[in-house]
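Novice: Before I ask anything, let me first share the structure, which is written out below as structure tokens.
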Amino acid sequence: MKKKSYFLGLVLLLCLLFLTGCSGKEERTVKKAVKAQLEQLKDFDSAVVQDCISTEELLPEELQDETLSQELADIFSLFYQDFSYRIKEVSVKKNQAHVTAKIKTLDAKALAKDFSKAALKEQIKASVSSSDTFSLEESCALLKDLMESGEYETVSLTTDIQLQKNQKHWEIIPTQELDSTLTGNFLKYATDAKLLSPKEIVKVHFDAMKSFSPQELCAYLHLDSILDTDRQYQNSMGEALAKQISKHFSYKILEETSDSAQAVVQISITSVDFHSIINSYKKKVSKWLKTSEALSAGTQGRREKEREILISCIEKNKKTASQKLDIHLVNDGVNWKIQMDDEISNAIFGDAKNAIASISGDVE
């Protein structure tokens, strides 16, 4: 009786070992199939990468262009240069398998934020250039430069991978969720209307202004249209004022309040004190009008001299004025947009439009 029980126990043990051995072998095959697929992401050939994942999940739609194949290849290889993975769990049930893997890729959220800020700044700068556009090639180059900086840490993400057995081969079932995870959810972040906060949007705009040359600032703020006069004097006026703003303009973000669609960012702006310029102008003109030169100059001569004095007062100005103001933003589902108004313009201009109204009859 004991021998019979021992024999049955041995048979059951052998069956269990046999079944476990089959299952273990199948799990190893599944694991091998997943590793073969993930290893392709380390390949520097973008064509191989595109066979592995849907590259539509890696790049925004405007960057997906076959004419930029080399640039895209560089972007793909840079994105996965620090890619690594570890398979944690494998389960097999008939012709279906499930794998849990932990992957490491570059911090796609940080990259998306930097790219969005840099792209917005370039778009603002392009608005005052002859091209007036931020091209696809420039956009790709910008993303590539950011990735080549090597300043991004890696982040860990856990992903579930489903496989199906096709005859004797295990194949990964492609899903949008898997592709997104393998790209660190870069596209999700890059197209998030609230990726950048309202105060980050304000900072990008004002930092772009601070980086402008006087000529660019003049074009961006339309400084040459403050006076309704001849084109030559408008240009001289705009250039002088742009140089002053470039020299003295600064800002500080104080606080932000926002809800789902609207936001207010309170800032302090320091810029040219144009009222001080006008006061200086009035004193100099009053003094000059008492001279014999003014008496003999005639109407046209006095007008030209008054214009000359105004430009001189602008160029020699050293005084600034500061004020707090609220900048209103609206989220249109794409990004936060600044609602430009006269209050913002006046703060940047040093209230030039209002200040100059008192002397417009002299120089226009």
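We name chains A, B, ... following the order of the structure tokens; residues begin at 1 in each chain, and ligands are numbered from 1 as shown.
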Please, which residues of range 88-277 of chain A, numbered as in this document, come out strand (DSSP E) from DSSP, as number ranges by chain?

Specialist: A: 88-93, 96-106, 154-166, 169-172, 250-258, 262-272

Novice: Could you dump the residues just selected with C-alpha atoms as an mmCIF file, in the first residue's frame?

Specialist:
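out-v8.cif, written as the output of this step:
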data_model
loop_
_atom_site.group_PDB
_atom_site.id
_atom_site.type_symbol
_atom_site.label_atom_id
_atom_site.label_comp_id
_atom_site.auth_asym_id
_atom_site.auth_seq_id
_atom_site.Cartn_x
_atom_site.Cartn_y
_atom_site.Cartn_z
ATOM 1 C CA LYS A 88 9.513 42.029 -14.112
ATOM 2 C CA GLU A 89 6.677 39.559 -14.668
ATOM 3 C CA VAL A 90 5.616 37.163 -17.405
ATOM 4 C CA SER A 91 2.376 35.199 -17.481
ATOM 5 C CA VAL A 92 1.173 32.860 -20.219
ATOM 6 C CA LYS A 93 -2.324 31.509 -20.775
ATOM 7 C CA GLN A 96 -2.092 34.952 -24.833
ATOM 8 C CA ALA A 97 0.716 36.384 -22.746
ATOM 9 C CA HIS A 98 1.136 39.366 -20.462
ATOM 10 C CA VAL A 99 4.434 41.022 -19.590
ATOM 11 C CA THR A 100 5.064 43.755 -17.040
ATOM 12 C CA ALA A 101 8.223 45.725 -17.759
ATOM 13 C CA LYS A 102 9.950 48.652 -16.126
ATOM 14 C CA ILE A 103 11.530 51.013 -18.639
ATOM 15 C CA LYS A 104 13.874 53.947 -18.268
ATOM 16 C CA THR A 105 13.863 56.753 -20.777
ATOM 17 C CA LEU A 106 14.735 60.427 -20.739
ATOM 18 C CA THR A 154 15.965 59.470 -16.930
ATOM 19 C CA VAL A 155 12.602 58.511 -15.469
ATOM 20 C CA SER A 156 11.168 55.066 -14.752
ATOM 21 C CA LEU A 157 7.804 53.936 -16.051
ATOM 22 C CA THR A 158 5.984 50.639 -15.715
ATOM 23 C CA THR A 159 4.209 49.312 -18.775
ATOM 24 C CA ASP A 160 2.047 46.300 -19.591
ATOM 25 C CA ILE A 161 2.784 44.447 -22.820
ATOM 26 C CA GLN A 162 0.286 42.054 -24.353
ATOM 27 C CA LEU A 163 1.404 39.298 -26.748
ATOM 28 C CA GLN A 164 -0.395 36.823 -28.945
ATOM 29 C CA LYS A 165 0.949 33.548 -30.292
ATOM 30 C CA ASN A 166 0.814 33.341 -34.071
ATOM 31 C CA HIS A 169 5.841 32.837 -32.768
ATOM 32 C CA TRP A 170 4.912 35.323 -30.066
ATOM 33 C CA GLU A 171 4.093 38.803 -31.330
ATOM 34 C CA ILE A 172 3.528 41.991 -29.326
ATOM 35 C CA SER A 250 12.935 94.607 -16.617
ATOM 36 C CA TYR A 251 10.146 92.731 -14.892
ATOM 37 C CA LYS A 252 9.387 90.559 -11.896
ATOM 38 C CA ILE A 253 6.556 88.051 -11.604
ATOM 39 C CA LEU A 254 4.746 88.501 -8.287
ATOM 40 C CA GLU A 255 1.883 86.012 -8.231
ATOM 41 C CA GLU A 256 -0.494 83.938 -10.310
ATOM 42 C CA THR A 257 -4.151 82.998 -9.955
ATOM 43 C CA SER A 258 -5.937 80.748 -12.425
ATOM 44 C CA GLN A 262 -8.606 82.053 -17.326
ATOM 45 C CA ALA A 263 -5.626 83.322 -15.388
ATOM 46 C CA VAL A 264 -4.158 86.515 -13.999
ATOM 47 C CA VAL A 265 -0.429 87.015 -13.511
ATOM 48 C CA GLN A 266 0.575 90.037 -11.460
ATOM 49 C CA ILE A 267 3.937 91.509 -12.404
ATOM 50 C CA SER A 268 6.064 94.530 -11.679
ATOM 51 C CA ILE A 269 7.440 96.265 -14.772
ATOM 52 C CA THR A 270 10.295 98.749 -14.816
ATOM 53 C CA SER A 271 10.814 100.756 -17.978
ATOM 54 C CA VAL A 272 11.580 104.202 -19.333
#

Novice: Considering only C-alpha atoms, return as number ranges by chain whatever protein or nucleic-acid residues lie within 9 Å of Ser246 in chain A, sequence-local ones (same chain, fewer than 2 positions apart) excluded.

Specialist: A: 209-214, 217, 241-244, 248-250, 271

Novice: Taking only C-alpha atoms into account, name the residue in A:Asn235, A:Asn185, A:Asn346, A:Gln300 that is nearest to Lys324 in chain A.

Specialist: A:Asn346

Novice: Nearest residue to Leu142 in chain A out of A:Ala347, A:Ile75, A:Ile226, A:Leu196, using only C-alpha atoms?

Specialist: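 The answer is A:Ile75, which sits nearest to Leu142 in chain A.
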
Novice: Between CA of His275 in chain A and CA of Gly350 in chain A, what is the distance in Å, rounded to a tenth?

Specialist: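 Those two atoms sit 7.7 Å apart.
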
Novice: Here is a test: counting only C-alpha atoms, which residue of A:Ser286, A:Thr183, A:Ser129, A:Ser77 is nearest to Leu111 in chain A?

Specialist: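 Nearest candidate to Leu111 in chain A out of A:Ser286, A:Thr183, A:Ser129, A:Ser77: A:Thr183.
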
Novice: As a VMD selection string, please: every residue in range 72-156 of chain A that a backbone DSSP assignment puts in helix (DSSP H, G or I).

Specialist: chain A and resid 72 to 79 108 to 126 136 to 148

Novice: Would you put the residues from that selection into a file with N, CA, C and O atoms, as a short mmCIF file (atom, residue, chain, number, x, y, z; two decimals), in the first residue's frame?

Specialist:
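result_8.cif, written as the output of this step:
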data_model
loop_
_atom_site.label_atom_id
_atom_site.label_comp_id
_atom_site.auth_asym_id
_atom_site.auth_seq_id
_atom_site.Cartn_x
_atom_site.Cartn_y
_atom_site.Cartn_z
N LEU A 72 14.92 63.52 -38.39
CA LEU A 72 14.09 62.63 -37.57
C LEU A 72 14.89 61.45 -37.05
O LEU A 72 14.72 61.02 -35.91
N ALA A 73 15.76 60.92 -37.90
CA ALA A 73 16.61 59.80 -37.49
C ALA A 73 17.48 60.21 -36.30
O ALA A 73 17.65 59.45 -35.34
N ASP A 74 18.02 61.41 -36.35
CA ASP A 74 18.85 61.91 -35.25
C ASP A 74 18.04 62.06 -33.98
O ASP A 74 18.51 61.73 -32.88
N ILE A 75 16.82 62.57 -34.13
CA ILE A 75 15.95 62.76 -32.96
C ILE A 75 15.62 61.42 -32.31
O ILE A 75 15.68 61.26 -31.10
N PHE A 76 15.29 60.41 -33.15
CA PHE A 76 14.97 59.09 -32.61
C PHE A 76 16.15 58.49 -31.85
O PHE A 76 16.01 57.96 -30.75
N SER A 77 17.32 58.56 -32.46
CA SER A 77 18.50 57.96 -31.83
C SER A 77 18.85 58.67 -30.53
O SER A 77 19.26 58.03 -29.55
N LEU A 78 18.66 60.00 -30.49
CA LEU A 78 18.95 60.75 -29.27
C LEU A 78 17.94 60.45 -28.18
O LEU A 78 18.29 60.36 -27.00
N PHE A 79 16.69 60.25 -28.56
CA PHE A 79 15.65 59.99 -27.57
C PHE A 79 15.92 58.69 -26.82
O PHE A 79 15.68 58.59 -25.61
N ALA A 108 10.69 62.90 -20.50
CA ALA A 108 9.97 63.48 -21.64
C ALA A 108 9.17 64.70 -21.25
O ALA A 108 8.96 65.61 -22.07
N LYS A 109 8.71 64.78 -20.02
CA LYS A 109 7.94 65.96 -19.59
C LYS A 109 8.84 67.19 -19.53
O LYS A 109 8.47 68.26 -20.00
N ALA A 110 10.04 67.02 -18.96
CA ALA A 110 10.99 68.14 -18.90
C ALA A 110 11.40 68.58 -20.30
O ALA A 110 11.51 69.77 -20.58
N LEU A 111 11.62 67.60 -21.19
CA LEU A 111 11.97 67.91 -22.58
C LEU A 111 10.83 68.66 -23.27
O LEU A 111 11.06 69.65 -23.98
N ALA A 112 9.60 68.19 -23.07
CA ALA A 112 8.45 68.83 -23.70
C ALA A 112 8.28 70.27 -23.22
O ALA A 112 7.95 71.16 -24.01
N LYS A 113 8.51 70.51 -21.94
CA LYS A 113 8.40 71.87 -21.41
C LYS A 113 9.46 72.78 -22.01
O LYS A 113 9.17 73.90 -22.44
N ASP A 114 10.69 72.30 -22.04
CA ASP A 114 11.78 73.10 -22.61
C ASP A 114 11.54 73.37 -24.09
O ASP A 114 11.79 74.48 -24.59
N PHE A 115 11.05 72.36 -24.80
CA PHE A 115 10.78 72.51 -26.23
C PHE A 115 9.66 73.52 -26.46
O PHE A 115 9.75 74.39 -27.34
N SER A 116 8.60 73.44 -25.66
CA SER A 116 7.46 74.35 -25.81
C SER A 116 7.88 75.78 -25.52
O SER A 116 7.48 76.72 -26.23
N LYS A 117 8.69 75.97 -24.49
CA LYS A 117 9.17 77.34 -24.16
C LYS A 117 10.05 77.88 -25.28
O LYS A 117 9.89 79.02 -25.73
N ALA A 118 11.00 77.05 -25.71
CA ALA A 118 11.94 77.51 -26.75
C ALA A 118 11.22 77.76 -28.07
O ALA A 118 11.53 78.74 -28.77
N ALA A 119 10.27 76.89 -28.41
CA ALA A 119 9.53 77.07 -29.66
C ALA A 119 8.68 78.35 -29.62
O ALA A 119 8.61 79.08 -30.61
N LEU A 120 8.05 78.62 -28.46
CA LEU A 120 7.25 79.84 -28.32
C LEU A 120 8.13 81.07 -28.46
O LEU A 120 7.76 82.04 -29.13
N LYS A 121 9.30 81.04 -27.84
CA LYS A 121 10.22 82.18 -27.93
C LYS A 121 10.65 82.41 -29.38
O LYS A 121 10.71 83.55 -29.85
N GLU A 122 10.93 81.32 -30.10
CA GLU A 122 11.34 81.46 -31.50
C GLU A 122 10.19 81.97 -32.36
O GLU A 122 10.41 82.73 -33.31
N GLN A 123 8.97 81.56 -32.05
CA GLN A 123 7.81 82.06 -32.79
C GLN A 123 7.62 83.56 -32.57
O GLN A 123 7.28 84.30 -33.50
N ILE A 124 7.86 84.00 -31.34
CA ILE A 124 7.76 85.44 -31.04
C ILE A 124 8.83 86.20 -31.81
O ILE A 124 8.56 87.25 -32.40
N LYS A 125 10.05 85.67 -31.81
CA LYS A 125 11.14 86.32 -32.53
C LYS A 125 10.87 86.32 -34.04
O LYS A 125 11.20 87.29 -34.74
N ALA A 126 10.28 85.23 -34.54
CA ALA A 126 9.98 85.15 -35.97
C ALA A 126 8.94 86.17 -36.39
O ALA A 126 8.91 86.59 -37.56
N LEU A 136 9.52 74.34 -40.06
CA LEU A 136 9.58 72.94 -39.63
C LEU A 136 11.02 72.52 -39.38
O LEU A 136 11.32 71.85 -38.39
N GLU A 137 11.92 72.91 -40.30
CA GLU A 137 13.33 72.56 -40.12
C GLU A 137 13.90 73.17 -38.84
O GLU A 137 14.65 72.50 -38.10
N GLU A 138 13.55 74.41 -38.56
CA GLU A 138 14.02 75.08 -37.34
C GLU A 138 13.46 74.41 -36.09
O GLU A 138 14.14 74.30 -35.07
N SER A 139 12.22 73.95 -36.19
CA SER A 139 11.58 73.27 -35.06
C SER A 139 12.30 71.96 -34.75
O SER A 139 12.58 71.65 -33.59
N CYS A 140 12.60 71.19 -35.78
CA CYS A 140 13.33 69.93 -35.60
C CYS A 140 14.72 70.19 -35.04
O CYS A 140 15.19 69.47 -34.16
N ALA A 141 15.39 71.20 -35.58
CA ALA A 141 16.74 71.53 -35.13
C ALA A 141 16.73 71.93 -33.66
O ALA A 141 17.64 71.59 -32.89
N LEU A 142 15.70 72.65 -33.26
CA LEU A 142 15.57 73.08 -31.87
C LEU A 142 15.41 71.88 -30.95
O LEU A 142 16.08 71.79 -29.91
N LEU A 143 14.54 70.96 -31.32
CA LEU A 143 14.33 69.76 -30.51
C LEU A 143 15.61 68.93 -30.43
O LEU A 143 15.98 68.43 -29.36
N LYS A 144 16.30 68.82 -31.55
CA LYS A 144 17.55 68.07 -31.59
C LYS A 144 18.60 68.71 -30.68
O LYS A 144 19.30 68.01 -29.92
N ASP A 145 18.72 70.04 -30.72
CA ASP A 145 19.69 70.75 -29.88
C ASP A 145 19.41 70.52 -28.40
O ASP A 145 20.35 70.34 -27.60
N LEU A 146 18.15 70.55 -28.04
CA LEU A 146 17.79 70.32 -26.64
C LEU A 146 18.19 68.93 -26.18
O LEU A 146 18.72 68.74 -25.08
N MET A 147 17.96 67.95 -27.04
CA MET A 147 18.28 66.57 -26.68
C MET A 147 19.79 66.33 -26.65
O MET A 147 20.29 65.52 -25.87
N GLU A 148 20.52 67.04 -27.49
CA GLU A 148 21.97 66.89 -27.51
C GLU A 148 22.64 67.55 -26.31
O GLU A 148 23.81 67.29 -26.04
#

Novice: Of the residues A:Val128, A:Ile173, A:Val334, A:Ile327, which is the one nearest to Val34 in chain A, using only C-alpha atoms?

Specialist: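 Selected residue with least distance to Val34 in chain A: A:Ile173.
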
Novice: Nearest residue to Thr229 in chain A out of A:Arg303, A:Lys282, A:Arg86, A:Lys337, using only C-alpha atoms?

Specialist: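 Looking only at the distances to Thr229 in chain A, the closest residue turns out to be A:Arg303.
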
Novice: Here is a test: counting only C-alpha atoms, which residue of A:Leu329, A:Leu195, A:Ala240, A:Ile245 is nearest to Asp341 in chain A?

Specialist: A:Leu329

Novice: Figure out the distance between CA of Leu223 in chain A and CA of Lys353 in chain A, please, to one decimal in Å.

Specialist: 9.9 Å

Novice: To one decimal place in Å, what is the distance between CA of His328 in chain A and CA of Thr191 in chain A?

Specialist: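 Between these atoms lies a distance of 22.1 Å.
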